[in-house]
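So this one's run-v8.cif, mmCIF, C-alpha atoms:
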```
data_data
#
loop_
_atom_site.label_atom_id
_atom_site.label_comp_id
_atom_site.auth_asym_id
_atom_site.auth_seq_id
_atom_site.Cartn_x
_atom_site.Cartn_y
_atom_site.Cartn_z
CA MET A 1 109.48 48.46 140.43
CA ASP A 2 108.99 44.71 140.21
CA LEU A 3 108.06 44.56 143.90
CA VAL A 4 105.40 47.25 143.47
CA ASN A 5 103.92 45.46 140.47
CA ALA A 6 103.96 42.13 142.31
CA ILE A 7 102.00 43.59 145.22
CA ALA A 8 99.55 45.37 142.91
CA LYS A 9 98.90 42.20 140.91
CA ARG A 10 98.12 40.11 143.98
CA GLU A 11 94.88 38.26 143.45
CA ALA A 12 91.72 39.32 145.28
CA ASN A 13 90.80 37.87 148.64
CA PRO A 14 88.21 35.14 147.92
CA ASN A 15 86.67 35.62 151.39
CA VAL A 16 85.35 39.11 150.52
CA PRO A 17 82.06 39.04 148.56
CA THR A 18 80.78 41.83 146.33
CA LEU A 19 79.74 44.67 148.62
CA GLN A 20 77.45 47.67 148.14
CA PRO A 21 76.97 50.80 150.26
CA GLY A 22 74.29 50.14 152.85
CA ASP A 23 75.10 46.47 153.36
CA ARG A 24 75.09 45.20 156.93
CA VAL A 25 78.26 43.14 157.27
CA LYS A 26 80.26 41.14 159.78
CA VAL A 27 83.99 41.42 159.12
CA HIS A 28 86.10 38.71 160.77
CA THR A 29 89.69 39.89 161.14
CA ARG A 30 92.76 38.21 162.56
CA ILE A 31 94.25 40.13 165.49
CA VAL A 32 97.76 39.35 166.74
CA GLU A 33 98.40 40.05 170.44
CA GLY A 34 101.90 39.10 171.44
CA ASP A 35 102.35 35.49 170.44
CA ARG A 36 98.60 34.75 170.31
CA GLU A 37 96.28 35.20 167.35
CA ARG A 38 92.50 35.52 167.56
CA ILE A 39 89.53 36.42 165.37
CA GLN A 40 87.68 39.67 166.07
CA VAL A 41 84.29 40.47 164.52
CA PHE A 42 83.40 44.03 163.51
CA GLN A 43 79.72 44.35 162.61
CA GLY A 44 78.23 47.43 160.97
CA THR A 45 77.07 49.19 157.81
CA VAL A 46 79.23 49.64 154.72
CA MET A 47 79.59 53.41 154.30
CA ARG A 48 82.08 53.65 151.48
CA LEU A 49 83.74 51.52 148.84
CA ARG A 50 87.00 52.50 147.26
CA LYS A 51 87.45 50.34 144.22
CA GLY A 52 91.06 50.67 143.41
CA LYS A 53 93.16 48.39 141.32
CA GLY A 54 94.72 45.47 143.12
CA ALA A 55 95.96 46.23 146.61
CA THR A 56 94.35 49.68 146.91
CA ALA A 57 90.70 48.56 147.10
CA SER A 58 89.13 49.24 150.50
CA PHE A 59 85.78 49.58 152.25
CA THR A 60 84.69 51.46 155.36
CA VAL A 61 82.30 49.99 157.93
CA ARG A 62 80.50 52.05 160.59
CA ARG A 63 78.90 50.77 163.75
CA ILE A 64 77.41 52.40 166.80
CA ALA A 65 79.36 51.48 169.95
CA THR A 66 78.33 52.00 173.56
CA HIS A 67 76.79 55.32 174.60
CA GLY A 68 75.89 56.10 170.98
CA VAL A 69 79.47 56.68 169.86
CA GLY A 70 80.01 55.92 166.17
CA VAL A 71 83.08 53.88 165.24
CA GLU A 72 84.35 53.63 161.67
CA ARG A 73 86.95 51.21 160.48
CA THR A 74 88.52 50.95 157.03
CA PHE A 75 89.55 47.53 155.74
CA LEU A 76 91.77 46.72 152.78
CA ALA A 77 89.68 44.44 150.59
CA ASN A 78 92.61 42.23 149.58
CA SER A 79 94.20 42.02 153.01
CA PRO A 80 95.24 38.56 154.21
CA ARG A 81 94.17 39.66 157.73
CA ILE A 82 90.50 39.44 156.72
CA GLU A 83 89.30 35.96 157.56
CA LYS A 84 85.84 36.36 156.01
CA VAL A 85 83.08 38.91 155.39
CA GLU A 86 79.44 37.94 155.91
CA VAL A 87 76.67 40.06 154.40
CA ALA A 88 73.80 40.09 156.93
CA GLY A 89 71.44 42.30 154.92
CA HIS A 90 71.02 45.09 152.40
CA ALA A 91 69.59 48.58 152.89
CA HIS A 92 67.92 50.85 150.34
CA VAL A 93 70.31 53.76 149.76
CA ARG A 94 70.60 56.34 146.99
CA ARG A 95 74.17 57.48 147.60
CA ALA A 96 77.55 55.96 146.90
CA GLN A 97 79.06 57.30 150.16
CA LEU A 98 76.90 57.39 153.27
CA TYR A 99 78.75 60.19 155.05
CA TYR A 100 75.44 61.75 156.13
CA LEU A 101 75.12 58.98 158.74
CA ARG A 102 77.88 60.64 160.76
CA GLY A 103 75.57 63.49 161.72
CA ARG A 104 72.62 61.30 162.66
CA HIS A 105 71.90 59.77 166.04
CA GLY A 106 69.47 57.18 167.36
CA LYS A 107 66.59 56.15 165.14
CA ALA A 108 67.48 58.76 162.53
CA ALA A 109 70.63 56.79 161.73
CA ARG A 110 68.66 53.73 160.66
CA LEU A 111 68.47 52.71 157.02
CA ARG A 112 65.41 51.23 155.34
CA GLU A 113 65.77 47.52 154.66
CA LYS A 114 65.83 46.52 150.99
CA ARG A 115 63.20 43.93 150.33
CA THR A 116 64.03 41.26 147.83
CA LEU A 117 61.43 39.20 146.11
CA GLN A 118 61.95 35.54 146.84
CA VAL A 119 60.68 33.34 144.07
CA GLU A 120 59.34 30.03 145.25
CA GLN A 121 60.79 27.06 143.47
CA THR A 122 58.05 24.83 142.14
CA PRO A 123 59.01 21.20 141.99
CA VAL A 124 59.30 19.83 138.49
CA ALA A 125 56.69 17.16 137.87
CA THR A 126 58.22 13.95 136.73
CA GLU A 127 56.24 11.86 134.31
CA THR A 128 55.29 8.47 135.55
CA PRO A 129 55.43 5.69 133.01
CA THR A 130 51.99 4.47 132.01
CA GLY A 131 51.27 0.86 131.25
CA GLU A 132 50.61 1.23 127.53
#
```

Translate the structure of the given file into structure tokens.
Amino acid sequence: MDLVNAIAKREANPNVPTLQPGDRVKVHTRIVEGDRERIQVFQGTVMRLRKGKGATASFTVRRIATHGVGVERTFLANSPRIEKVEVAGHAHVRRAQLYYLRGRHGKAARLREKRTLQVEQTPVATETPTGE
């Protein structure tokens, strides 16, 4: 039982940011082919988050491959094989799991982009010393 607890208590992968369904992400994973190792990028939309405790947390990313074929891939959030996850954008969604995207094709499978208000930073005026 100590081995199971040790695996479950493994700390989270710091290269995985906080994700939400509808995020457009680029997942960089390490692929081992024979004696060589390379980085492969899988870019798509986060369809599902499974927030488990410790080693059981995972997320599913869907992308549209050639000829309109949808490809889904599930990643373990705490896997050491994940090099990094980049969030490219956020979409406005009202569901926790986006399984309805499986039945949509072409432009119907697009998600509306979430607009965020960017507040302009005004420079703080520094007081100049007066000759009093």

Contact residues around stretch 52-56 of chain A with all atoms listed in the file at 12 Å, ignoring same-chain residues under 2 positions, as a ChimeraX atom specification: /A:4-13,49-50,58-59,74-80

Test item: the PyMOL selection byres ((chain A and resi 18-21) around 12) resolved as number ranges by chain: A: 12-17, 22-27, 44-51, 57-62, 77, 85-99, 101, 111, 114

Atomic separation - atom CA of A:Gly34 relative to atom CA of A:Ile64, Å: 28.3 Å

Expected residue set, 12 Å radius at (73.8, 63.8, 167.0), all atoms listed in the file, as an NGL selection string: :A and (64 or 67-70 or 100-109)

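Candidate residues A:Val32, A:Ala65, A:Ile39, A:Val71 were compared for distance to A:Glu83, and the nearest is A:Ile39, using only C-alpha atoms.
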
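Take atom CA of A:Thr116 and atom CA of A:Gln43: the distance between them is 21.8 Å.
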
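Rounded to one decimal, atom CA of A:Arg73 and atom CA of A:Glu37 lie 19.8 Å from each other.
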
Close residues, stretch 29-31 of chain A itself excluded, 8 Å, only C-alpha atoms, min 5 positions apart in chain, as a list in words: Glu37, Arg38, Ile39, Gln40, Val41, Phe42, Arg81, Ile82, Glu83 and Lys84 of chain A

Output of the above residues as an mmCIF file, in the frame of the given file, restricted to C-alpha atoms:
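Full text of out_6.cif as output:
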```cif
data_model
loop_
_atom_site.group_PDB
_atom_site.id
_atom_site.type_symbol
_atom_site.label_atom_id
_atom_site.label_comp_id
_atom_site.auth_asym_id
_atom_site.auth_seq_id
_atom_site.Cartn_x
_atom_site.Cartn_y
_atom_site.Cartn_z
ATOM 1 C CA GLU A 37 96.280 35.200 167.350
ATOM 2 C CA ARG A 38 92.500 35.520 167.560
ATOM 3 C CA ILE A 39 89.530 36.420 165.370
ATOM 4 C CA GLN A 40 87.680 39.670 166.070
ATOM 5 C CA VAL A 41 84.290 40.470 164.520
ATOM 6 C CA PHE A 42 83.400 44.030 163.510
ATOM 7 C CA ARG A 81 94.170 39.660 157.730
ATOM 8 C CA ILE A 82 90.500 39.440 156.720
ATOM 9 C CA GLU A 83 89.300 35.960 157.560
ATOM 10 C CA LYS A 84 85.840 36.360 156.010
#
```

Please reconstruct the missing atoms of stretch 84-107 of chain A (target: N, CA and C atoms) and return them as a PDB file, in the frame of the given file.
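What follows is the written file result_11.pdb:
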```
ATOM      1  N   LYS A  84      87.009  36.459 156.870  1.00  0.00           N
ATOM      2  CA  LYS A  84      85.840  36.360 156.010  1.00  0.00           C
ATOM      3  C   LYS A  84      84.946  37.572 156.252  1.00  0.00           C
ATOM      4  N   VAL A  85      84.062  37.836 155.296  1.00  0.00           N
ATOM      5  CA  VAL A  85      83.080  38.910 155.390  1.00  0.00           C
ATOM      6  C   VAL A  85      81.726  38.300 155.112  1.00  0.00           C
ATOM      7  N   GLU A  86      80.801  38.455 156.067  1.00  0.00           N
ATOM      8  CA  GLU A  86      79.440  37.940 155.910  1.00  0.00           C
ATOM      9  C   GLU A  86      78.513  39.123 155.670  1.00  0.00           C
ATOM     10  N   VAL A  87      77.669  39.032 154.661  1.00  0.00           N
ATOM     11  CA  VAL A  87      76.670  40.060 154.400  1.00  0.00           C
ATOM     12  C   VAL A  87      75.394  39.630 155.113  1.00  0.00           C
ATOM     13  N   ALA A  88      74.972  40.432 156.129  1.00  0.00           N
ATOM     14  CA  ALA A  88      73.800  40.090 156.930  1.00  0.00           C
ATOM     15  C   ALA A  88      72.519  40.668 156.329  1.00  0.00           C
ATOM     16  N   GLY A  89      72.621  41.718 155.518  1.00  0.00           N
ATOM     17  CA  GLY A  89      71.440  42.300 154.920  1.00  0.00           C
ATOM     18  C   GLY A  89      71.801  43.485 154.051  1.00  0.00           C
ATOM     19  N   HIS A  90      70.819  43.964 153.306  1.00  0.00           N
ATOM     20  CA  HIS A  90      71.020  45.090 152.400  1.00  0.00           C
ATOM     21  C   HIS A  90      70.037  46.188 152.771  1.00  0.00           C
ATOM     22  N   ALA A  91      70.458  47.437 152.624  1.00  0.00           N
ATOM     23  CA  ALA A  91      69.590  48.580 152.890  1.00  0.00           C
ATOM     24  C   ALA A  91      69.371  49.353 151.595  1.00  0.00           C
ATOM     25  N   HIS A  92      68.243  50.035 151.512  1.00  0.00           N
ATOM     26  CA  HIS A  92      67.920  50.850 150.340  1.00  0.00           C
ATOM     27  C   HIS A  92      68.588  52.205 150.507  1.00  0.00           C
ATOM     28  N   VAL A  93      69.601  52.483 149.695  1.00  0.00           N
ATOM     29  CA  VAL A  93      70.310  53.760 149.760  1.00  0.00           C
ATOM     30  C   VAL A  93      70.388  54.335 148.352  1.00  0.00           C
ATOM     31  N   ARG A  94      70.529  55.663 148.282  1.00  0.00           N
ATOM     32  CA  ARG A  94      70.600  56.340 146.990  1.00  0.00           C
ATOM     33  C   ARG A  94      71.892  57.129 146.840  1.00  0.00           C
ATOM     34  N   ARG A  95      72.879  56.798 147.639  1.00  0.00           N
ATOM     35  CA  ARG A  95      74.170  57.480 147.600  1.00  0.00           C
ATOM     36  C   ARG A  95      75.275  56.433 147.511  1.00  0.00           C
ATOM     37  N   ALA A  96      76.407  56.852 146.982  1.00  0.00           N
ATOM     38  CA  ALA A  96      77.550  55.960 146.900  1.00  0.00           C
ATOM     39  C   ALA A  96      78.355  55.992 148.202  1.00  0.00           C
ATOM     40  N   GLN A  97      78.411  57.158 148.856  1.00  0.00           N
ATOM     41  CA  GLN A  97      79.060  57.300 150.160  1.00  0.00           C
ATOM     42  C   GLN A  97      78.020  57.767 151.155  1.00  0.00           C
ATOM     43  N   LEU A  98      77.940  57.101 152.278  1.00  0.00           N
ATOM     44  CA  LEU A  98      76.900  57.390 153.270  1.00  0.00           C
ATOM     45  C   LEU A  98      77.464  58.243 154.406  1.00  0.00           C
ATOM     46  N   TYR A  99      78.148  59.327 154.041  1.00  0.00           N
ATOM     47  CA  TYR A  99      78.750  60.190 155.050  1.00  0.00           C
ATOM     48  C   TYR A  99      77.699  60.919 155.880  1.00  0.00           C
ATOM     49  N   TYR A 100      76.483  61.049 155.379  1.00  0.00           N
ATOM     50  CA  TYR A 100      75.440  61.750 156.130  1.00  0.00           C
ATOM     51  C   TYR A 100      75.052  60.997 157.398  1.00  0.00           C
ATOM     52  N   LEU A 101      75.424  59.733 157.514  1.00  0.00           N
ATOM     53  CA  LEU A 101      75.120  58.980 158.740  1.00  0.00           C
ATOM     54  C   LEU A 101      75.929  59.471 159.927  1.00  0.00           C
ATOM     55  N   ARG A 102      77.035  60.153 159.668  1.00  0.00           N
ATOM     56  CA  ARG A 102      77.880  60.640 160.760  1.00  0.00           C
ATOM     57  C   ARG A 102      77.143  61.681 161.609  1.00  0.00           C
ATOM     58  N   GLY A 103      76.285  62.447 160.993  1.00  0.00           N
ATOM     59  CA  GLY A 103      75.570  63.490 161.720  1.00  0.00           C
ATOM     60  C   GLY A 103      74.250  63.051 162.305  1.00  0.00           C
ATOM     61  N   ARG A 104      73.902  61.794 162.163  1.00  0.00           N
ATOM     62  CA  ARG A 104      72.620  61.300 162.660  1.00  0.00           C
ATOM     63  C   ARG A 104      72.816  60.436 163.894  1.00  0.00           C
ATOM     64  N   HIS A 105      71.827  60.497 164.783  1.00  0.00           N
ATOM     65  CA  HIS A 105      71.900  59.770 166.040  1.00  0.00           C
ATOM     66  C   HIS A 105      70.592  59.024 166.267  1.00  0.00           C
ATOM     67  N   GLY A 106      70.671  57.922 166.978  1.00  0.00           N
ATOM     68  CA  GLY A 106      69.470  57.180 167.360  1.00  0.00           C
ATOM     69  C   GLY A 106      68.741  56.592 166.170  1.00  0.00           C
ATOM     70  N   LYS A 107      67.403  56.743 166.186  1.00  0.00           N
ATOM     71  CA  LYS A 107      66.590  56.150 165.140  1.00  0.00           C
ATOM     72  C   LYS A 107      66.772  56.831 163.792  1.00  0.00           C
TER      73      LYS A 107
END
```
